[in-house]
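For reference, run.txt is printed below; it contains compact mmCIF, C-alpha atoms.
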# COMPACT_ATOMS: atom_id res chain seq x y z
CA MET R 1 36.27 -1.26 87.18
CA LYS R 2 39.86 -0.03 87.09
CA SER R 3 39.75 3.41 88.56
CA ALA R 4 42.49 5.95 89.13
CA VAL R 5 42.51 8.91 91.52
CA ILE R 6 44.90 11.72 90.63
CA VAL R 7 46.86 13.15 93.55
CA PHE R 8 48.35 16.65 93.47
CA PRO R 9 50.37 18.32 96.20
CA GLY R 10 47.60 19.88 98.27
CA SER R 11 44.84 17.42 97.34
CA ASN R 12 42.96 16.51 100.51
CA CYS R 13 39.88 14.61 99.35
CA ASP R 14 41.85 11.97 97.47
CA ARG R 15 41.41 9.51 100.31
CA ASP R 16 37.67 10.22 100.63
CA LEU R 17 37.26 9.54 96.92
CA ALA R 18 39.37 6.38 97.09
CA VAL R 19 37.34 5.07 100.05
CA ALA R 20 34.06 5.77 98.25
CA LEU R 21 35.28 4.03 95.10
CA GLU R 22 36.56 1.04 97.00
CA GLU R 23 33.38 0.73 99.01
CA VAL R 24 31.15 0.82 95.95
CA THR R 25 33.29 -1.06 93.43
CA GLY R 26 35.09 -3.43 95.79
CA LYS R 27 38.42 -2.46 94.26
CA LYS R 28 41.02 0.01 95.45
CA PRO R 29 41.70 2.70 92.88
CA ALA R 30 45.26 3.39 91.73
CA MET R 31 46.53 6.60 93.32
CA VAL R 32 48.37 8.41 90.53
CA TRP R 33 50.85 11.16 91.37
CA HIS R 34 50.64 14.39 89.37
CA LYS R 35 54.19 14.01 88.08
CA ASP R 36 53.44 10.69 86.41
CA SER R 37 52.84 11.04 82.74
CA GLU R 38 50.80 7.90 82.21
CA LEU R 39 47.75 6.29 83.75
CA PRO R 40 47.84 2.61 84.67
CA GLU R 41 47.10 0.37 81.67
CA GLY R 42 43.38 -0.22 81.27
CA THR R 43 42.19 2.66 83.47
CA ASP R 44 38.46 2.94 82.82
CA PHE R 45 37.53 5.68 85.28
CA ILE R 46 39.43 8.75 86.48
CA GLY R 47 38.65 10.82 89.58
CA ILE R 48 40.16 14.24 90.22
CA PRO R 49 39.69 14.95 93.92
CA GLY R 50 39.01 18.03 95.98
CA GLY R 51 41.57 19.98 97.92
CA PHE R 52 43.85 22.92 97.39
CA SER R 53 46.25 21.70 94.73
CA TYR R 54 49.42 23.81 94.67
CA GLY R 55 47.93 25.97 97.41
CA ASP R 56 45.53 27.51 94.88
CA TYR R 57 48.48 29.53 93.55
CA LEU R 58 47.68 31.83 90.61
CA ARG R 59 44.07 30.52 90.34
CA SER R 60 42.39 27.47 91.86
CA GLY R 61 43.31 24.47 89.74
CA ALA R 62 45.57 26.47 87.40
CA MET R 63 48.86 24.77 88.24
CA ALA R 64 47.38 21.29 88.56
CA ALA R 65 45.81 21.67 85.11
CA ARG R 66 49.30 22.06 83.62
CA SER R 67 50.90 19.12 85.43
CA PRO R 68 52.21 16.13 83.43
CA ILE R 69 49.44 13.68 84.35
CA MET R 70 46.74 15.99 83.00
CA ARG R 71 47.93 15.40 79.43
CA ALA R 72 47.20 11.70 79.96
CA VAL R 73 43.82 12.56 81.54
CA LYS R 74 42.88 14.76 78.55
CA ASP R 75 43.91 12.02 76.19
CA ALA R 76 41.84 9.40 78.06
CA ALA R 77 38.84 11.76 78.22
CA SER R 78 38.99 12.28 74.47
CA LYS R 79 38.80 8.50 74.06
CA GLY R 80 35.63 8.40 76.15
CA VAL R 81 37.02 7.33 79.55
CA PRO R 82 34.69 8.77 82.22
CA VAL R 83 36.29 11.53 84.31
CA ILE R 84 34.80 13.12 87.40
CA GLY R 85 36.24 16.28 88.95
CA ILE R 86 34.95 17.13 92.40
CA CYS R 87 35.44 20.58 93.96
CA ASN R 88 39.10 21.41 93.23
CA GLY R 89 38.83 18.67 90.60
CA PHE R 90 36.08 20.70 88.87
CA GLN R 91 38.35 23.75 88.97
CA VAL R 92 41.16 21.68 87.42
CA LEU R 93 38.83 20.47 84.63
CA THR R 94 37.77 24.01 83.69
CA GLU R 95 41.41 25.16 83.77
CA THR R 96 42.44 22.33 81.40
CA GLY R 97 39.62 23.23 79.04
CA LEU R 98 37.89 19.85 79.42
CA LEU R 99 34.87 21.76 80.72
CA PRO R 100 33.80 25.30 79.73
CA GLY R 101 33.59 28.31 82.05
CA ALA R 102 35.47 29.17 85.21
CA LEU R 103 35.04 28.90 88.98
CA MET R 104 35.50 32.20 90.72
CA ARG R 105 35.60 33.41 94.31
CA ASN R 106 32.24 32.87 96.07
CA ALA R 107 30.06 35.92 95.60
CA ARG R 108 29.91 36.64 99.33
CA LEU R 109 33.63 35.93 99.73
CA SER R 110 33.11 33.40 102.50
CA PHE R 111 34.16 29.77 102.52
CA VAL R 112 30.98 27.67 102.48
CA CYS R 113 30.98 24.32 104.24
CA ARG R 114 27.62 22.61 104.72
CA PRO R 115 25.28 20.07 103.16
CA VAL R 116 23.29 21.71 100.35
CA PRO R 117 20.14 20.63 98.54
CA LEU R 118 20.62 20.02 94.82
CA ARG R 119 18.34 19.12 91.97
CA VAL R 120 19.40 16.41 89.55
CA GLU R 121 18.77 18.12 86.20
CA ASN R 122 19.99 15.39 83.89
CA SER R 123 19.36 11.80 84.88
CA GLN R 124 20.50 10.37 81.55
CA SER R 125 24.25 10.76 81.96
CA LEU R 126 26.49 7.88 82.91
CA PHE R 127 27.06 9.58 86.27
CA THR R 128 23.43 10.28 87.10
CA ALA R 129 21.53 7.34 85.59
CA GLN R 130 20.54 6.08 89.04
CA TYR R 131 18.77 9.32 89.93
CA ASP R 132 15.37 10.54 88.81
CA ALA R 133 15.21 13.73 86.76
CA GLY R 134 14.23 16.57 89.06
CA GLU R 135 15.07 14.57 92.17
CA GLN R 136 16.35 16.49 95.18
CA VAL R 137 19.56 15.24 96.79
CA HIS R 138 21.90 16.50 99.49
CA PHE R 139 25.67 16.61 99.06
CA PRO R 140 28.08 18.60 101.24
CA VAL R 141 29.98 21.55 99.80
CA ALA R 142 33.27 22.91 101.14
CA HIS R 143 34.77 25.59 98.94
CA HIS R 144 35.86 29.17 98.55
CA ASP R 145 35.95 29.32 94.76
CA GLY R 146 32.76 27.66 93.58
CA ASN R 147 31.08 30.52 91.80
CA TYR R 148 30.54 29.08 88.31
CA GLN R 149 30.65 31.66 85.54
CA ALA R 150 30.58 31.45 81.76
CA ASP R 151 29.37 33.75 78.99
CA LYS R 152 25.70 33.77 78.12
CA SER R 153 26.04 31.73 74.94
CA THR R 154 27.97 29.01 76.81
CA LEU R 155 25.34 28.94 79.57
CA ASP R 156 22.54 28.73 77.00
CA ARG R 157 24.33 25.91 75.21
CA LEU R 158 24.86 23.98 78.48
CA GLU R 159 21.17 24.33 79.32
CA GLY R 160 19.98 23.55 75.80
CA GLU R 161 22.09 20.41 75.53
CA GLY R 162 21.10 19.09 78.95
CA ARG R 163 24.63 19.47 80.23
CA VAL R 164 23.70 21.04 83.57
CA ALA R 165 23.85 17.90 85.72
CA PHE R 166 23.18 19.41 89.15
CA ARG R 167 21.72 22.73 90.26
CA TYR R 168 21.74 24.35 93.70
CA LEU R 169 18.33 24.80 95.28
CA ASP R 170 19.46 27.64 97.50
CA GLN R 171 21.98 30.47 97.31
CA VAL R 172 25.40 28.90 97.84
CA ASN R 173 28.12 30.82 96.02
CA GLY R 174 26.65 33.09 93.37
CA SER R 175 27.00 30.61 90.49
CA ALA R 176 25.40 31.64 87.22
CA ARG R 177 21.95 30.03 87.01
CA ASP R 178 22.73 28.17 90.26
CA ILE R 179 24.86 25.67 88.37
CA ALA R 180 26.53 23.12 90.66
CA GLY R 181 27.79 20.60 88.12
CA ILE R 182 28.17 20.31 84.34
CA LEU R 183 28.97 17.70 81.71
CA ASN R 184 31.21 18.01 78.65
CA ASP R 185 29.67 17.75 75.19
CA SER R 186 30.14 14.00 74.90
CA GLY R 187 28.85 13.39 78.43
CA ASN R 188 31.86 11.49 79.78
CA VAL R 189 33.33 14.32 81.87
CA LEU R 190 31.48 15.65 84.92
CA GLY R 191 32.65 18.51 87.11
CA LEU R 192 30.80 19.49 90.28
CA MET R 193 31.54 21.53 93.38
CA PRO R 194 29.51 19.43 95.89
CA HIS R 195 31.08 16.24 97.25
CA PRO R 196 29.15 13.03 96.43
CA GLU R 197 32.02 11.01 97.93
CA ARG R 198 31.20 12.52 101.33
CA ALA R 199 27.61 11.26 101.23
CA ILE R 200 28.16 7.52 100.95
CA GLU R 201 27.17 5.98 104.27
CA PRO R 202 24.64 6.84 107.00
CA ALA R 203 27.39 8.10 109.31
CA HIS R 204 28.05 10.88 106.77
CA GLY R 205 24.55 12.21 107.36
CA ALA R 206 23.38 11.42 103.83
CA THR R 207 23.87 8.59 101.37
CA ASP R 208 22.73 10.41 98.24
CA GLY R 209 26.20 10.32 96.71
CA ARG R 210 26.40 6.57 96.68
CA ARG R 211 24.19 6.14 93.64
CA LEU R 212 26.53 8.25 91.53
CA PHE R 213 29.31 5.71 92.06
CA GLU R 214 26.93 2.75 91.78
CA GLY R 215 25.67 4.07 88.44
CA LEU R 216 29.22 4.50 87.22
CA LEU R 217 30.10 0.98 88.23
CA GLU R 218 27.14 -0.33 86.30
CA THR R 219 27.96 1.60 83.15
CA VAL R 220 31.72 1.14 83.22
CA ALA R 221 31.64 -2.54 84.12
CA ALA R 222 28.98 -3.29 81.50
CA MET Q 1 64.95 42.39 80.42
CA LYS Q 2 61.87 42.65 82.53
CA ALA Q 3 58.22 42.68 81.73
CA ARG Q 4 55.12 43.17 83.76
CA VAL Q 5 51.88 41.36 83.11
CA PHE Q 6 48.70 42.93 84.46
CA VAL Q 7 45.85 40.46 84.81
CA THR Q 8 42.42 41.98 85.32
CA LEU Q 9 38.89 40.63 85.41
CA LYS Q 10 36.93 41.27 82.24
CA SER Q 11 34.37 44.03 82.53
CA GLY Q 12 31.03 42.62 83.50
CA VAL Q 13 32.61 39.84 85.55
CA LEU Q 14 31.59 40.24 89.18
CA ASP Q 15 34.58 41.04 91.39
CA PRO Q 16 33.61 40.26 94.99
CA GLN Q 17 37.13 41.10 96.18
CA GLY Q 18 36.98 44.55 94.59
CA LYS Q 19 33.56 45.08 96.15
CA ALA Q 20 34.89 44.17 99.60
CA ILE Q 21 37.83 46.58 99.20
CA HIS Q 22 35.42 49.29 98.08
CA HIS Q 23 33.27 48.65 101.12
CA ALA Q 24 36.30 48.82 103.43
CA LEU Q 25 37.44 52.11 101.89
CA GLU Q 26 34.02 53.58 102.54
CA GLY Q 27 34.17 52.22 106.08
CA LEU Q 28 37.40 54.19 106.56
CA GLY Q 29 35.61 57.33 105.51
CA PHE Q 30 37.00 57.68 101.97
CA SER Q 31 34.19 59.09 99.91
CA GLY Q 32 34.02 59.49 96.16
CA VAL Q 33 35.25 55.99 95.29
CA ASN Q 34 32.93 54.91 92.50
CA ASP Q 35 34.15 51.38 91.99
CA VAL Q 36 37.10 49.09 92.80
CA ARG Q 37 38.38 46.21 90.68
CA ALA Q 38 41.23 44.03 91.95
CA GLY Q 39 43.72 42.26 89.70
CA LYS Q 40 47.19 40.77 89.66
CA LEU Q 41 50.61 42.02 88.70
CA ILE Q 42 53.14 39.42 87.60
CA GLU Q 43 56.76 40.49 87.07
CA LEU Q 44 58.84 38.46 84.66
CA ASP Q 45 62.61 38.53 84.39
CA LEU Q 46 63.24 37.34 80.84
CA ALA Q 47 66.16 36.43 78.63
CA ASP Q 48 67.18 39.31 76.36
CA GLY Q 49 65.44 39.17 73.03
CA THR Q 50 62.31 37.38 74.29
CA GLU Q 51 59.67 38.09 71.68
CA ASP Q 52 56.38 39.77 72.50
CA SER Q 53 54.61 36.78 71.00
CA ALA Q 54 56.32 34.46 73.52
CA ILE Q 55 55.10 36.59 76.45
CA GLU Q 56 51.61 36.64 74.99
CA ASP Q 57 51.74 32.88 74.70
CA MET Q 58 52.66 32.64 78.41
CA CYS Q 59 49.66 34.80 79.26
CA ARG Q 60 47.24 32.75 77.20
CA LYS Q 61 48.53 29.37 78.36
CA LEU Q 62 48.94 30.08 82.06
CA LEU Q 63 49.13 33.58 83.49
CA ALA Q 64 45.56 34.60 82.64
CA ASN Q 65 42.38 32.60 82.30
CA THR Q 66 40.94 34.27 79.23
CA VAL Q 67 37.46 32.98 80.03
CA ILE Q 68 37.23 35.60 82.77
CA GLU Q 69 40.41 37.67 82.63
CA ASN Q 70 42.18 40.14 80.35
CA PHE Q 71 45.93 40.70 80.35
CA ARG Q 72 48.18 43.58 79.39
CA ILE Q 73 51.93 43.30 78.91
CA GLU Q 74 54.29 46.13 79.74
CA ARG Q 75 57.97 45.83 78.87
CA LEU Q 76 60.27 47.69 81.23
CA ALA Q 77 63.20 49.66 79.87
CA ASP Q 78 66.51 48.19 81.06
CA ALA Q 79 67.73 49.93 84.15

Hey, can you dump this file as structure tokens for me?
Amino acid sequence: MKSAVIVFPGSNCDRDLAVALEEVTGKKPAMVWHKDSELPEGTDFIGIPGGFSYGDYLRSGAMAARSPIMRAVKDAASKGVPVIGICNGFQVLTETGLLPGALMRNARLSFVCRPVPLRVENSQSLFTAQYDAGEQVHFPVAHHDGNYQADKSTLDRLEGEGRVAFRYLDQVNGSARDIAGILNDSGNVLGLMPHPERAIEPAHGATDGRRLFEGLLETVAA
Amino acid sequence: MKARVFVTLKSGVLDPQGKAIHHALEGLGFSGVNDVRAGKLIELDLADGTEDSAIEDMCRKLLANTVIENFRIERLADA
């Protein structure tokens, strides 16, 4: 698997994601700077990490979404390359239009930072194939703007098409229908606020995130 | 020439920041505030002759997220 992790000024989970990818796949991902306009030849997986790209100026993810490398990411996504956006990465994906809806300020205005229980709603995607449908997992969250909102018809479409990948099992940030992570219509782009890359080894307190990367490895390498 | 862009949350979109400001106003003893919505004001200093359509394009492509926000453009008379 030839993975790439995009790095913006203000990204701070890029290393966590790189470590998780290296641990699971055995290969270091390429770290690709936001000003680059191309991904390394043969990139078959793209990770957009968490953090506070561009200091969250204007709106979380807004500036990063317009940076040169995101044109290459959009292009790769349209060709079916799997893309995961975690936390700020999810915000970047909604701002680029690769995923519908928007992530707004948490309903209670506070930064939330704790492990949260989630339900795996779709276990058929290339990111979640190693989970059971309805399974409960724990990933940490750490965000201020994780309140997922979209209009009713978009929410109904996401639900109807099985594109809600993960759902919160308790009140975290006010997200519509407790949505924690969604897929694009062709299923190769996943955005989620919780951090699977921070639940990889027992020292993290949970290892539930590991299977996401293992599943990816299996699908992408196949 | 200058223009101002007002970016506001669409009606119906929950505005936790506005709610907190409202709450703080009440805490200070201001009564009669029915609701508070917070937004952004962006001032642009533009080349003379910039078309309205170009400013609108800026709003749609970057300044506002039209999933959740509305924008209004106000051109300022030259001082």

Residues of chain Q no more than 12 Å from chain R, counting only C-alpha atoms: send them over as a PyMOL selection string.
chain Q and resi 7+9-21+39-42+59-69

Which polymer residues have any atom within 12 Å of an atom of stretch 49-52 of chain R, counting only C-alpha atoms, with same-chain residues fewer than 4 positions away left out, as a ChimeraX atom specification?
/R:4-21,31-32,34,56-64,83-93,141-146,191-198

Polymer residues at most 12 Å from (48.3, 3.3, 83.8) by all atoms listed in the file, as a ChimeraX atom specification
/R:2-6,29-33,36-46,69,72-73,76

For atom CA of Q:Met1 and atom CA of R:Ser67, determine how far apart the two atoms are, in Å to one decimal place.
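Between atom CA of Q:Met1 and atom CA of R:Ser67 the gap is 27.6 Å.
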
Find the residue from R:Ser175, R:Asn188, R:Gln124, R:Thr207 that sits nearest to R:Gly162; use only C-alpha atoms when measuring.
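The shortest atom-to-atom distance to R:Gly162 comes from R:Gln124.
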
Protein and nucleic acid residues near (49.8, 40.4, 73.2) (cut-off 12 Å, only C-alpha atoms) as a ChimeraX atom specification:
/Q:5-6,51-60,64,70-75

Within 10 Å of R:Leu169 using all atoms listed in the file, minus same-chain residues under 4 positions, as a VMD selection string
chain R and resid 116 to 119 136 to 138 178 to 180

Just the number, please: distance in Å from atom CA of R:Asn173 to atom CA of R:Val112, one decimal.
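Separation of atom CA of R:Asn173 and atom CA of R:Val112: 7.7 Å.
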
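Proximity of R:Ser53, R:Asn147, R:Thr25, R:Asn184 to R:Leu126, computed with all atoms listed in the file, is greatest for R:Asn184.
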
Between atom CA of R:Pro82 and atom CA of R:Ala129, what is the distance in Å, rounded to a tenth?
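Result for atom CA of R:Pro82 versus atom CA of R:Ala129: 13.7 Å, one decimal.
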